[in-house]
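Quick look at model_29.cif (mmCIF, C-alpha atoms):
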```
data_entry
#
loop_
_atom_site.label_atom_id
_atom_site.label_comp_id
_atom_site.auth_asym_id
_atom_site.auth_seq_id
_atom_site.Cartn_x
_atom_site.Cartn_y
_atom_site.Cartn_z
CA MET A 26 0.00 0.00 0.00
CA LYS A 27 1.23 3.46 -0.90
CA ALA A 28 2.32 5.62 2.05
CA MET A 29 0.03 8.44 3.00
CA GLU A 30 1.14 11.90 1.99
CA TRP A 31 0.03 15.39 3.02
CA HIS A 32 -0.12 18.12 0.38
CA TRP A 33 -0.42 21.87 0.92
CA PRO A 34 -1.37 23.29 -2.49
CA LYS A 35 -0.61 27.00 -2.91
CA ASN A 36 -3.22 27.76 -5.56
CA LEU A 37 -6.52 26.45 -6.91
CA GLU A 38 -4.94 24.91 -10.04
CA GLU A 39 -2.64 22.76 -7.93
CA PHE A 40 -5.53 21.98 -5.58
CA THR A 41 -7.89 20.81 -8.36
CA ARG A 42 -5.10 18.73 -9.93
CA LEU A 43 -4.51 16.97 -6.60
CA LEU A 44 -8.27 16.37 -6.19
CA LYS A 45 -8.11 14.03 -9.17
CA GLU A 46 -5.63 11.71 -7.42
CA GLU A 47 -7.07 8.41 -6.28
CA GLY A 48 -7.62 8.19 -2.53
CA ALA A 49 -7.55 11.98 -2.11
CA LEU A 50 -9.07 13.37 1.07
CA ILE A 51 -9.71 17.08 1.55
CA HIS A 52 -8.74 18.61 4.88
CA ALA A 53 -10.25 22.08 5.12
CA GLY A 54 -8.73 22.59 8.56
CA GLY A 55 -11.55 21.59 10.88
CA THR A 56 -12.17 18.78 13.31
CA ALA A 57 -14.58 16.41 11.53
CA ILE A 58 -12.17 13.92 9.97
CA ARG A 59 -11.50 10.98 12.23
CA GLU A 60 -8.05 9.44 12.63
CA GLU A 61 -9.10 6.16 10.95
CA ARG A 62 -10.16 8.09 7.85
CA ILE A 63 -6.85 9.97 7.78
CA LYS A 64 -4.96 6.68 8.11
CA SER A 65 -6.84 5.16 5.17
CA ALA A 66 -6.26 8.12 2.82
CA VAL A 67 -3.43 8.10 0.30
CA HIS A 68 -3.35 11.84 -0.32
CA ILE A 69 -4.52 14.39 2.21
CA ILE A 70 -4.99 17.77 0.60
CA ASP A 71 -4.78 20.54 3.15
CA MET A 72 -6.56 23.73 2.07
CA SER A 73 -4.93 26.03 4.63
CA CYS A 74 -2.49 27.62 2.12
CA LEU A 75 -5.22 28.59 -0.37
CA SER A 76 -6.04 32.02 1.11
CA LEU A 77 -9.71 31.18 1.46
CA ASN A 78 -10.05 32.34 5.07
CA TYR A 79 -12.10 35.46 4.38
CA VAL A 80 -15.54 36.81 5.24
CA LYS A 81 -16.44 39.91 3.24
CA LYS A 82 -19.37 41.81 1.81
CA GLN A 83 -19.17 43.06 -1.77
CA ASP A 84 -22.00 44.73 -3.65
CA GLY A 85 -24.58 43.53 -1.18
CA VAL A 86 -23.39 39.92 -1.24
CA TRP A 87 -21.61 38.10 1.59
CA HIS A 88 -18.66 35.93 0.50
CA ILE A 89 -17.32 33.38 2.98
CA GLY A 90 -14.20 31.46 1.98
CA ALA A 91 -14.02 27.73 2.63
CA THR A 92 -11.31 27.92 5.26
CA ALA A 93 -12.88 30.76 7.26
CA VAL A 94 -13.68 29.34 10.68
CA LEU A 95 -17.00 29.70 12.48
CA ASN A 96 -15.68 32.37 14.86
CA ASP A 97 -14.48 34.42 11.85
CA VAL A 98 -18.08 34.49 10.63
CA ILE A 99 -19.40 35.49 14.07
CA ASP A 100 -16.79 38.28 14.33
CA ALA A 101 -17.43 39.59 10.83
CA PHE A 102 -21.21 39.67 11.20
CA GLU A 103 -21.12 41.17 14.70
CA GLY A 104 -18.59 43.78 13.55
CA ALA A 105 -20.60 44.67 10.46
CA HIS A 106 -23.85 44.78 12.42
CA GLY A 107 -25.03 42.41 9.73
CA ASP A 108 -27.85 39.98 10.01
CA ARG A 109 -27.69 38.05 13.26
CA LEU A 110 -29.25 34.80 12.08
CA LEU A 111 -25.88 33.16 11.44
CA VAL A 112 -24.44 34.64 14.62
CA LYS A 113 -27.29 33.17 16.68
CA ALA A 114 -26.87 29.77 15.04
CA LEU A 115 -23.09 29.62 15.22
CA LYS A 116 -22.84 30.84 18.81
CA ASN A 117 -24.81 27.72 19.69
CA THR A 118 -22.36 25.51 17.83
CA ALA A 119 -19.63 23.64 19.72
CA THR A 120 -17.29 25.67 21.97
CA THR A 121 -14.99 28.66 21.49
CA PRO A 122 -11.81 26.62 20.76
CA LEU A 123 -13.67 24.32 18.37
CA ARG A 124 -15.27 27.26 16.57
CA ASN A 125 -11.74 28.61 16.10
CA ARG A 126 -11.00 25.51 14.07
CA ILE A 127 -14.22 24.32 12.41
CA THR A 128 -14.30 25.66 8.87
CA VAL A 129 -17.27 26.91 6.90
CA GLY A 130 -16.24 24.84 3.85
CA GLY A 131 -16.17 21.57 5.78
CA SER A 132 -19.37 22.39 7.66
CA VAL A 133 -21.23 23.24 4.46
CA PHE A 134 -19.94 20.25 2.51
CA LEU A 135 -20.68 17.74 5.27
CA SER A 136 -23.64 19.73 6.67
CA PRO A 137 -23.73 17.93 10.00
CA LEU A 138 -26.74 18.83 12.13
CA TRP A 139 -24.50 20.02 14.96
CA SER A 140 -23.03 22.83 12.87
CA ASN A 141 -26.48 24.55 12.99
CA LEU A 142 -25.69 26.08 9.58
CA MET A 143 -28.17 24.15 7.45
CA GLY A 144 -31.39 25.97 8.40
CA PRO A 145 -29.93 29.49 8.28
CA LEU A 146 -28.14 28.91 4.95
CA LEU A 147 -31.33 27.51 3.41
CA ALA A 148 -33.27 30.51 4.75
CA LEU A 149 -30.67 32.87 3.29
CA GLU A 150 -30.88 31.05 -0.08
CA ALA A 151 -27.13 30.49 -0.01
CA GLU A 152 -25.14 29.36 -3.01
CA VAL A 153 -21.87 27.49 -3.03
CA GLU A 154 -18.99 27.81 -5.44
CA VAL A 155 -17.35 24.43 -5.94
CA VAL A 156 -14.16 23.35 -7.65
CA GLY A 157 -12.96 19.92 -8.71
CA LYS A 158 -15.16 17.38 -10.49
CA LEU A 159 -17.93 19.97 -10.56
CA ASN A 160 -17.08 23.58 -11.18
CA GLY A 161 -19.25 26.63 -10.69
CA MET A 162 -22.06 28.01 -8.55
CA TYR A 163 -24.77 25.74 -7.14
CA LYS A 164 -27.68 26.27 -4.82
CA TYR A 165 -26.92 25.04 -1.31
CA GLU A 166 -30.24 23.21 -1.54
CA ASP A 167 -28.83 21.22 -4.51
CA LEU A 168 -25.72 20.30 -2.56
CA LEU A 169 -27.91 18.87 0.19
CA SER A 170 -30.25 16.96 -2.11
CA LYS A 171 -27.65 15.63 -4.58
CA LYS A 172 -24.69 15.11 -2.30
CA ALA A 173 -23.28 12.12 -4.22
CA GLU A 174 -22.85 14.28 -7.33
CA PHE A 175 -20.55 16.60 -5.39
CA GLN A 176 -18.05 13.89 -4.40
CA GLY A 177 -14.64 14.77 -5.86
CA SER A 178 -15.43 18.46 -5.54
CA ALA A 179 -14.69 20.97 -2.81
CA ILE A 180 -16.38 24.11 -1.59
CA ARG A 181 -14.42 27.24 -2.49
CA GLU A 182 -16.86 29.85 -1.25
CA VAL A 183 -20.34 30.31 0.22
CA ARG A 184 -22.40 33.31 -0.92
CA PHE A 185 -25.72 34.88 -0.01
CA SER A 186 -27.34 38.28 -0.38
CA ASP A 187 -27.29 40.71 2.49
CA LYS A 188 -31.07 40.78 2.65
CA LYS A 189 -32.88 42.43 5.51
CA ILE A 190 -34.90 39.68 7.14
CA MET A 191 -36.65 39.12 10.41
CA HIS A 192 -35.59 35.82 11.83
CA TYR A 193 -35.92 33.28 14.58
CA PHE A 194 -33.47 30.46 15.24
CA ASP A 195 -33.47 27.94 18.03
CA ARG A 196 -32.22 24.45 18.60
CA PHE A 197 -33.18 21.66 20.93
CA ALA A 198 -30.40 19.93 22.87
CA ARG A 199 -30.11 18.31 26.27
CA THR A 200 -27.34 20.64 27.47
CA ALA A 201 -25.68 23.80 26.18
CA THR A 202 -22.70 21.86 24.80
CA ASP A 203 -24.74 18.93 23.44
CA TYR A 204 -25.31 18.38 19.74
CA SER A 205 -28.59 19.77 18.43
CA ALA A 206 -31.41 17.22 18.24
CA PHE A 207 -33.16 19.57 15.81
CA THR A 208 -33.09 23.20 14.75
CA VAL A 209 -35.88 25.57 13.76
CA THR A 210 -35.22 28.53 11.47
CA ILE A 211 -37.87 31.06 10.47
CA ALA A 212 -37.01 33.98 8.20
CA PHE A 213 -39.42 36.65 6.93
CA ALA A 214 -38.82 39.41 4.42
CA VAL A 215 -41.18 42.14 5.61
CA GLU A 216 -42.36 45.40 4.02
CA LYS A 217 -44.56 47.76 6.00
CA ASP A 218 -45.45 45.01 8.47
CA VAL A 219 -46.54 42.68 5.66
CA VAL A 220 -44.69 39.40 5.10
CA LYS A 221 -43.44 39.35 1.51
CA ASP A 222 -41.44 36.14 1.69
CA ALA A 223 -41.13 33.39 4.29
CA LYS A 224 -38.89 30.44 4.99
CA ILE A 225 -39.77 27.98 7.73
CA ILE A 226 -37.22 25.19 8.07
CA VAL A 227 -36.74 22.32 10.49
CA THR A 228 -33.54 20.24 10.45
CA GLY A 229 -32.69 17.07 12.34
CA CYS A 230 -35.90 15.37 11.24
CA LYS A 231 -36.29 12.11 9.28
CA LYS A 232 -35.54 13.91 6.01
CA ILE A 233 -32.32 15.96 5.92
CA TYR A 234 -34.52 18.99 6.43
CA GLU A 235 -38.19 19.96 6.07
CA ARG A 236 -39.41 23.20 4.57
CA LEU A 237 -42.93 23.89 5.79
CA SER A 238 -44.13 25.19 2.41
CA GLN A 239 -47.82 25.21 3.33
CA ALA A 240 -47.14 27.22 6.44
CA GLU A 241 -44.95 29.60 4.41
CA THR A 242 -47.80 30.15 1.95
CA LYS A 243 -50.20 30.93 4.80
CA VAL A 244 -47.81 33.57 6.14
CA ILE A 245 -47.03 35.42 2.91
CA GLY A 246 -49.20 38.50 2.43
CA LYS A 247 -50.24 38.58 6.08
CA LYS A 248 -49.55 41.44 8.46
CA LEU A 249 -47.25 40.47 11.31
CA LYS A 250 -49.92 41.26 13.89
CA GLU A 251 -52.29 38.86 12.12
CA LEU A 252 -50.02 35.84 12.51
CA THR A 253 -51.72 33.07 14.45
CA PRO A 254 -49.22 30.25 14.95
CA GLU A 255 -51.85 27.53 15.52
CA ASP A 256 -53.55 28.28 12.19
CA ILE A 257 -50.28 28.61 10.31
CA LEU A 258 -48.99 25.29 11.63
CA GLU A 259 -52.24 23.39 11.23
CA GLY A 260 -51.50 20.26 9.24
CA ALA A 261 -47.73 20.72 9.54
CA ASN A 262 -46.28 17.39 10.52
CA VAL A 263 -42.54 16.97 10.83
CA GLU A 264 -41.42 13.41 11.54
CA PHE A 265 -38.44 12.56 13.70
CA ALA A 266 -36.55 9.36 14.42
CA ASN A 267 -35.86 8.39 18.02
CA LYS A 268 -32.73 10.10 19.31
CA PRO A 269 -30.79 10.26 22.60
CA ALA A 270 -32.56 13.60 23.23
CA GLY A 271 -36.00 12.00 23.02
CA SER A 272 -38.38 9.77 21.11
CA GLY A 273 -39.52 10.73 17.62
CA ALA A 274 -42.99 11.60 18.91
CA TYR A 275 -41.55 13.77 21.68
CA LEU A 276 -39.24 15.65 19.32
CA ALA A 277 -42.16 16.23 16.93
CA GLU A 278 -44.15 17.84 19.74
CA VAL A 279 -41.22 19.94 20.95
CA SER A 280 -40.49 21.12 17.41
CA LYS A 281 -44.09 22.37 17.18
CA VAL A 282 -43.59 24.31 20.40
CA PHE A 283 -40.43 25.89 18.96
CA LEU A 284 -42.23 26.75 15.72
CA CYS A 285 -45.06 28.39 17.68
CA ARG A 286 -42.57 30.33 19.79
CA GLY A 287 -40.78 31.51 16.67
CA LEU A 288 -43.92 32.67 14.91
CA GLU A 289 -45.14 34.40 18.06
CA ALA A 290 -41.78 36.11 18.54
CA LEU A 291 -41.75 37.40 14.97
CA GLY A 292 -45.37 38.50 15.22
CA ARG A 293 -44.55 40.51 18.34
CA ALA A 294 -41.37 41.98 16.82
CA ARG A 295 -43.17 44.20 14.30
CA MET B 13 7.10 12.86 8.19
CA LYS B 14 9.01 15.93 9.36
CA ALA B 15 7.75 19.47 9.83
CA ASN B 16 8.74 22.75 11.46
CA PHE B 17 6.72 24.45 14.18
CA LYS B 18 7.33 27.79 15.81
CA ILE B 19 6.61 27.12 19.47
CA ASN B 20 6.78 29.90 22.05
CA GLY B 21 8.95 31.94 19.69
CA LYS B 22 11.47 29.22 18.77
CA THR B 23 11.50 27.05 15.66
CA PHE B 24 11.60 23.27 16.11
CA GLU B 25 11.69 20.41 13.64
CA PHE B 26 9.81 17.31 14.75
CA GLU B 27 9.33 13.89 13.19
CA PHE B 28 5.92 12.25 13.63
CA PRO B 29 3.47 9.88 11.92
CA PRO B 30 1.24 11.60 9.31
CA HIS B 31 -1.87 10.94 11.42
CA ALA B 32 -0.38 12.28 14.69
CA LYS B 33 -2.28 14.86 16.66
CA LEU B 34 -0.61 18.13 17.64
CA LEU B 35 -1.20 17.32 21.32
CA ASP B 36 0.90 14.15 21.11
CA VAL B 37 3.67 15.74 19.07
CA LEU B 38 3.95 18.58 21.57
CA ARG B 39 3.96 16.33 24.63
CA GLU B 40 6.39 13.82 23.11
CA ASN B 41 8.79 16.67 22.48
CA GLY B 42 8.74 18.01 26.01
CA PHE B 43 5.84 20.46 26.02
CA THR B 44 4.11 18.63 28.85
CA GLU B 45 2.41 21.81 30.04
CA VAL B 46 -0.11 20.93 27.31
CA LYS B 47 -2.32 18.47 29.18
CA CYS B 48 -4.03 15.42 27.75
CA GLY B 49 -7.65 15.18 28.85
CA CYS B 50 -10.61 13.86 26.89
CA ARG B 51 -8.99 13.66 23.42
CA GLU B 52 -12.39 14.61 21.97
CA GLY B 53 -12.25 18.39 21.98
CA PHE B 54 -14.54 18.85 24.96
CA CYS B 55 -12.41 19.48 28.05
CA GLY B 56 -9.88 22.08 26.90
CA ALA B 57 -6.99 20.65 28.95
CA CYS B 58 -4.93 20.48 25.75
CA SER B 59 -5.56 24.13 24.77
CA VAL B 60 -2.84 25.98 22.90
CA LEU B 61 -2.88 29.13 20.80
CA LEU B 62 -2.48 28.46 17.09
CA ASP B 63 -1.57 31.70 15.34
CA GLY B 64 -3.04 33.45 18.38
CA LYS B 65 -6.34 31.59 18.43
CA LEU B 66 -7.40 29.25 21.22
CA VAL B 67 -7.72 25.66 19.90
CA ASN B 68 -7.88 22.10 21.19
CA SER B 69 -4.57 20.51 20.20
CA CYS B 70 -6.14 17.03 20.50
CA MET B 71 -8.38 17.87 17.53
CA ILE B 72 -5.63 19.10 15.23
CA TYR B 73 -3.47 16.94 13.01
CA ALA B 74 0.12 18.03 13.58
CA ALA B 75 0.72 18.06 9.81
CA SER B 76 -1.97 20.71 9.39
CA ALA B 77 -0.18 22.96 11.90
CA LYS B 78 3.24 22.88 10.22
CA ASP B 79 5.03 26.22 9.95
CA ARG B 80 2.41 27.78 12.22
CA GLU B 81 2.96 29.67 15.46
CA ILE B 82 2.03 27.73 18.57
CA THR B 83 1.85 29.24 22.03
CA THR B 84 1.66 27.16 25.19
CA VAL B 85 1.05 28.44 28.70
CA LYS B 86 4.82 28.53 29.32
CA LYS B 87 5.12 31.49 26.95
CA ILE B 88 2.57 33.44 28.99
CA GLY B 89 4.48 33.26 32.27
CA THR B 90 6.77 31.11 34.39
CA LEU B 91 6.89 29.95 38.01
CA HIS B 92 9.28 32.78 38.90
CA GLU B 93 7.73 35.38 36.61
CA PRO B 94 4.04 34.58 36.49
CA HIS B 95 1.68 36.48 34.25
CA PRO B 96 -0.96 38.60 36.07
CA ILE B 97 -3.55 36.06 34.88
CA GLN B 98 -1.65 33.26 36.62
CA GLU B 99 -1.30 35.37 39.77
CA ALA B 100 -5.04 36.05 39.68
CA PHE B 101 -5.86 32.33 39.45
CA VAL B 102 -3.73 31.65 42.54
CA GLU B 103 -5.06 34.62 44.52
CA ALA B 104 -8.69 33.84 43.72
CA GLY B 105 -8.28 30.19 44.74
CA ALA B 106 -9.23 29.06 41.25
CA VAL B 107 -6.71 26.21 41.19
CA GLN B 108 -7.27 22.90 42.88
CA CYS B 109 -5.66 19.96 41.07
CA GLY B 110 -4.37 22.36 38.40
CA TYR B 111 -4.89 20.07 35.44
CA CYS B 112 -7.30 22.42 33.67
CA THR B 113 -5.40 25.57 34.65
CA PRO B 114 -3.06 25.89 31.62
CA GLY B 115 -6.10 25.79 29.34
CA MET B 116 -8.07 28.20 31.55
CA VAL B 117 -5.13 30.64 31.60
CA LEU B 118 -4.81 30.56 27.80
CA ALA B 119 -8.57 31.00 27.35
CA THR B 120 -8.45 33.99 29.71
CA TYR B 121 -5.43 35.39 27.89
CA THR B 122 -7.21 35.36 24.50
CA LEU B 123 -10.38 36.77 26.07
CA LEU B 124 -8.61 39.72 27.71
CA GLU B 125 -6.67 40.47 24.55
CA ARG B 126 -9.95 40.93 22.70
CA ASN B 127 -12.02 42.30 25.52
CA PRO B 128 -10.28 43.89 28.56
CA ASN B 129 -13.58 44.40 30.44
CA PRO B 130 -15.56 41.19 30.03
CA THR B 131 -18.95 40.68 31.66
CA ASP B 132 -19.75 37.45 33.51
CA GLU B 133 -21.61 36.21 30.42
CA GLU B 134 -18.66 37.00 28.16
CA ILE B 135 -16.32 35.18 30.54
CA LYS B 136 -18.57 32.10 30.54
CA GLU B 137 -18.74 32.19 26.75
CA ALA B 138 -14.95 32.53 26.35
CA LEU B 139 -14.30 29.66 28.78
CA ASP B 140 -17.07 27.41 27.41
CA GLY B 141 -14.52 24.94 26.03
CA ASN B 142 -12.59 24.53 29.27
CA PHE B 143 -13.89 22.13 31.90
CA CYS B 144 -12.91 22.06 35.56
CA ARG B 145 -13.90 19.03 37.60
CA CYS B 146 -12.55 20.23 40.98
CA THR B 147 -13.44 23.78 41.95
CA GLY B 148 -16.54 24.52 39.94
CA TYR B 149 -16.54 27.77 38.07
CA VAL B 150 -17.32 30.50 40.61
CA LYS B 151 -13.71 31.02 41.64
CA ILE B 152 -12.51 30.68 38.07
CA ILE B 153 -14.83 33.49 36.98
CA ASP B 154 -13.64 35.53 39.98
CA ALA B 155 -10.08 34.87 38.83
CA VAL B 156 -10.78 36.09 35.31
CA LYS B 157 -12.33 39.30 36.69
CA LEU B 158 -9.32 39.79 38.99
CA ALA B 159 -7.02 39.06 36.05
CA ALA B 160 -8.76 41.74 34.00
CA GLU B 161 -8.04 44.26 36.78
CA LYS B 162 -4.41 43.15 37.09
CA VAL B 163 -3.77 43.24 33.35
CA LYS B 164 -5.20 46.78 33.16
CA GLU B 165 -2.96 47.86 36.08
CA ASN B 166 0.09 46.39 34.32
CA ASP B 167 -0.65 48.12 31.00
#
```
Whole structure, structure tokens version:
Amino acid sequence: MKAMEWHWPKNLEEFTRLLKEEGALIHAGGTAIREERIKSAVHIIDMSCLSLNYVKKQDGVWHIGATAVLNDVIDAFEGAHGDRLLVKALKNTATTPLRNRITVGGSVFLSPLWSNLMGPLLALEAEVEVVGKLNGMYKYEDLLSKKAEFQGSAIREVRFSDKKIMHYFDRFARTATDYSAFTVTIAFAVEKDVVKDAKIIVTGCKKIYERLSQAETKVIGKKLKELTPEDILEGANVEFANKPAGSGAYLAEVSKVFLCRGLEALGRAR
Amino acid sequence: MKANFKINGKTFEFEFPPHAKLLDVLRENGFTEVKCGCREGFCGACSVLLDGKLVNSCMIYAASAKDREITTVKKIGTLHEPHPIQEAFVEAGAVQCGYCTPGMVLATYTLLERNPNPTDEEIKEALDGNFCRCTGYVKIIDAVKLAAEKVKEND
């Protein structure tokens, strides 16, 4: 068996060439890759020399490089007084030293529930720029639904518009440092107290995520003060598997409580 | 494989297996002030600063930290010339067995660099990756507040 080798490509051309090697494993810099996986790789391609550790806003669009870490995103958004949805989600992710290491690229590509990024990025209609086998811009939603097609590719950048939205994010976990059992994200685009666009997303359920499209339709066109959570959520049924944090039935009930809380909070926030 | 690391201001070349964690490479080369705790990134005993940022060295492959600047608690202060943060931990009675203390001191150091006047909430947030299983956290939070005062006096 060929000995394992680490590579530190200095530019994207070198990086994409290395991606084609058999047994290549991408290391964006984070903490998700287990030692057994590292041992079984032939080529480990470390992205840390690619100068992708940026978070910036250009022409009303946020650009987050793949090797930016979660705390870089929190700092940039807090500093820019930008939208706090990502800040709220990421501050509930792992701990300070882990957030100094977990990268956006790895978290988006793997989209583990514990990163709390999935709901907010779906709500923000994020896009990802990928390099490798696939090249170009893709909807984050596509990355989640067609993950197998993205094997052999790597995230270069995550982008989303700096839209003004009202939002609610919460997660259910047994303790503050526990992994999320599920997350609830609600985002409204509002003009003169009227909801123009709505995203209501639950992650951690039986599907990778659920968008409550019917509930979204009921909200659009309504004034914030007219929102009645029970009516909006009538018929909404998110299914969960049993988890350490509770049975599927229990989590389904708790997720409804979170959804009600979120809708009530946004209704009051007008 | 071999790689260079700049540790506490000096450059070292170490040889290690390609899958080795930074924690093990540091300890095997004499930096035993970096403590080995949970090996899962939860307890913070193995905290070091990597290019100035607080990280869990048990969660970092040594190869991915090559040519980077690593700071251990020994760079912050010594037994004979302790840093005001270390003095504060002693004075506040925030040290019992001491195993978590190097990580706590480094977490406090990075906090006070960014925020010289932290609130209790900000202290809890900054130390959320460092566990103590002896004293509890009341005296540790007292120590961070005392440290903030001492650091300001020293500036």
Original post:
Neighbours of A:Ala290 within 10 Å (all atoms listed in the file; same-chain residues fewer than 5 positions away dropped), as number ranges by chain?
Top reply: A: 192-193, 284-285, 295
**OP:** Apply the PyMOL selection byres ((chain B and resi 23-34) around 8) to the file shown and report the selected residues as a count of residues only.
**Re:** 28
Report as a tab-separated table: every residue of chain B with an atom at most 8 Å from chain A, its closest pair of atoms, and their distance in Å to one decimal, counting only C-alpha atoms, with rows sorted by chain and ascending residue number.
```
residue	atom	partner	partner_atom	distance
B:Pro30	CA	A:Met29	CA	7.2
B:His31	CA	A:Lys64	CA	6.2
B:Gly53	CA	A:Leu123	CA	7.1
B:Phe54	CA	A:Thr120	CA	7.9
B:Gly56	CA	A:Pro122	CA	7.9
B:Ser59	CA	A:Pro122	CA	7.8
B:Lys65	CA	A:Asn125	CA	6.6
B:Leu66	CA	A:Pro122	CA	5.2
B:Val67	CA	A:Pro122	CA	4.3
B:Asn68	CA	A:Pro122	CA	6.0
B:Met71	CA	A:Thr56	CA	5.7
B:Ile72	CA	A:Thr56	CA	6.8
B:Ala75	CA	A:Trp31	CA	7.3
B:Ser76	CA	A:Asp71	CA	6.8
B:Glu137	CA	A:Thr121	CA	7.4
B:Ala138	CA	A:Thr121	CA	6.2
B:Leu139	CA	A:Thr121	CA	7.4
B:Asp140	CA	A:Thr120	CA	5.7
B:Gly141	CA	A:Thr120	CA	5.0
```
Original post:
Could you pull the residues within 12 Å of A:Gln239, counting only C-alpha atoms, minus those fewer than 3 positions along the same chain, as a PyMOL selection string?
Top reply: chain A and resi 223-226+235-236+242-245+256-262
**OP:** List the neighbours of A:Val282 out to 12 Å using all atoms listed in the file; skip same-chain residues closer than 6 positions along the sequence, and give me the result as an NGL selection string.
**Re:** :A and (195-197 or 208-209 or 254-255 or 258 or 275-276 or 288-289)
Selection above as a file: C-alpha atoms, as a PDB file, in the frame of the given file:
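Result saved to selection.pdb:
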```pdb
ATOM      1  CA  ASP A 195     -33.470  27.940  18.030  1.00  0.00           C
ATOM      2  CA  ARG A 196     -32.220  24.450  18.600  1.00  0.00           C
ATOM      3  CA  PHE A 197     -33.180  21.660  20.930  1.00  0.00           C
ATOM      4  CA  THR A 208     -33.090  23.200  14.750  1.00  0.00           C
ATOM      5  CA  VAL A 209     -35.880  25.570  13.760  1.00  0.00           C
ATOM      6  CA  PRO A 254     -49.220  30.250  14.950  1.00  0.00           C
ATOM      7  CA  GLU A 255     -51.850  27.530  15.520  1.00  0.00           C
ATOM      8  CA  LEU A 258     -48.990  25.290  11.630  1.00  0.00           C
ATOM      9  CA  TYR A 275     -41.550  13.770  21.680  1.00  0.00           C
ATOM     10  CA  LEU A 276     -39.240  15.650  19.320  1.00  0.00           C
ATOM     11  CA  LEU A 288     -43.920  32.670  14.910  1.00  0.00           C
ATOM     12  CA  GLU A 289     -45.140  34.400  18.060  1.00  0.00           C
TER      13      GLU A 289
END
```
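Applied to the shown file, the PyMOL selection byres ((chain B and resi 149) around 12) selects the residues Phe101, Ala104, Gly105, Ala106, Val107, Gln108, Cys112, Thr113, Met116, Asp132, Ile135, Lys136, Leu139, Asp140, Asn142, Phe143, Cys144, Arg145, Cys146, Thr147, Gly148, Val150, Lys151, Ile152, Ile153, Asp154, Ala155 and Val156 of chain B.
Run against this file, the PyMOL selection byres ((chain B and resi 62) around 7) gives back Val60, Leu61, Asp63, Gly64, Lys65, Leu66, Val67, Arg80, Glu81, Ile82 and Thr83 of chain B.
Residues within 7 Å of B:Gly49, counting only C-alpha atoms and excluding same-chain residues fewer than 4 positions away, are Cys55, Ala57 and Cys58 of chain B.
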Original post:
What is the distance, in Å and to one decimal place, between atom CA of B:Gly42 and atom CA of A:Ile127?
Top reply: 27.4 Å
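Close contacts of A:Glu150, defined as residues with an atom at most 12 Å away when counting all atoms listed in the file, with chain neighbours fewer than 5 positions off set aside, comprise Val86, Trp87, Met143, Gly144, Pro145, Tyr163, Lys164, Tyr165, Glu166, Asp167, Val183, Arg184, Phe185, Ser186, Asp187, Lys188, Ile190, Ala212, Asp222, Ala223, Lys224 and Ile226 of chain A.
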Store the residues picked out above in a file with C-alpha atoms, as a short mmCIF file (atom, residue, chain, number, x, y, z; two decimals), in the coordinates of the input.
```
data_model
loop_
_atom_site.label_atom_id
_atom_site.label_comp_id
_atom_site.auth_asym_id
_atom_site.auth_seq_id
_atom_site.Cartn_x
_atom_site.Cartn_y
_atom_site.Cartn_z
CA VAL A 86 -23.39 39.92 -1.24
CA TRP A 87 -21.61 38.10 1.59
CA MET A 143 -28.17 24.15 7.45
CA GLY A 144 -31.39 25.97 8.40
CA PRO A 145 -29.93 29.49 8.28
CA TYR A 163 -24.77 25.74 -7.14
CA LYS A 164 -27.68 26.27 -4.82
CA TYR A 165 -26.92 25.04 -1.31
CA GLU A 166 -30.24 23.21 -1.54
CA ASP A 167 -28.83 21.22 -4.51
CA VAL A 183 -20.34 30.31 0.22
CA ARG A 184 -22.40 33.31 -0.92
CA PHE A 185 -25.72 34.88 -0.01
CA SER A 186 -27.34 38.28 -0.38
CA ASP A 187 -27.29 40.71 2.49
CA LYS A 188 -31.07 40.78 2.65
CA ILE A 190 -34.90 39.68 7.14
CA ALA A 212 -37.01 33.98 8.20
CA ASP A 222 -41.44 36.14 1.69
CA ALA A 223 -41.13 33.39 4.29
CA LYS A 224 -38.89 30.44 4.99
CA ILE A 226 -37.22 25.19 8.07
#
```
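What separates atom CA of A:Lys247 from atom CA of A:Leu149 is a distance of 20.6 Å.
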Original post:
If you measure from atom CA of B:Glu45 to atom CA of A:Asp203, what distance in Å do you get, rounded to one decimal?
Top reply: 28.1 Å
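Proximity ranking of B:Thr44, B:Lys86, B:Lys78, B:Ala100 relative to B:Asn20 places B:Lys86 first, based on all atoms listed in the file.
If only C-alpha atoms are the atoms counted, then among A:Val129, A:Gly229, A:Arg286, A:Ser76 the closest residue to A:Gly273 is A:Gly229.
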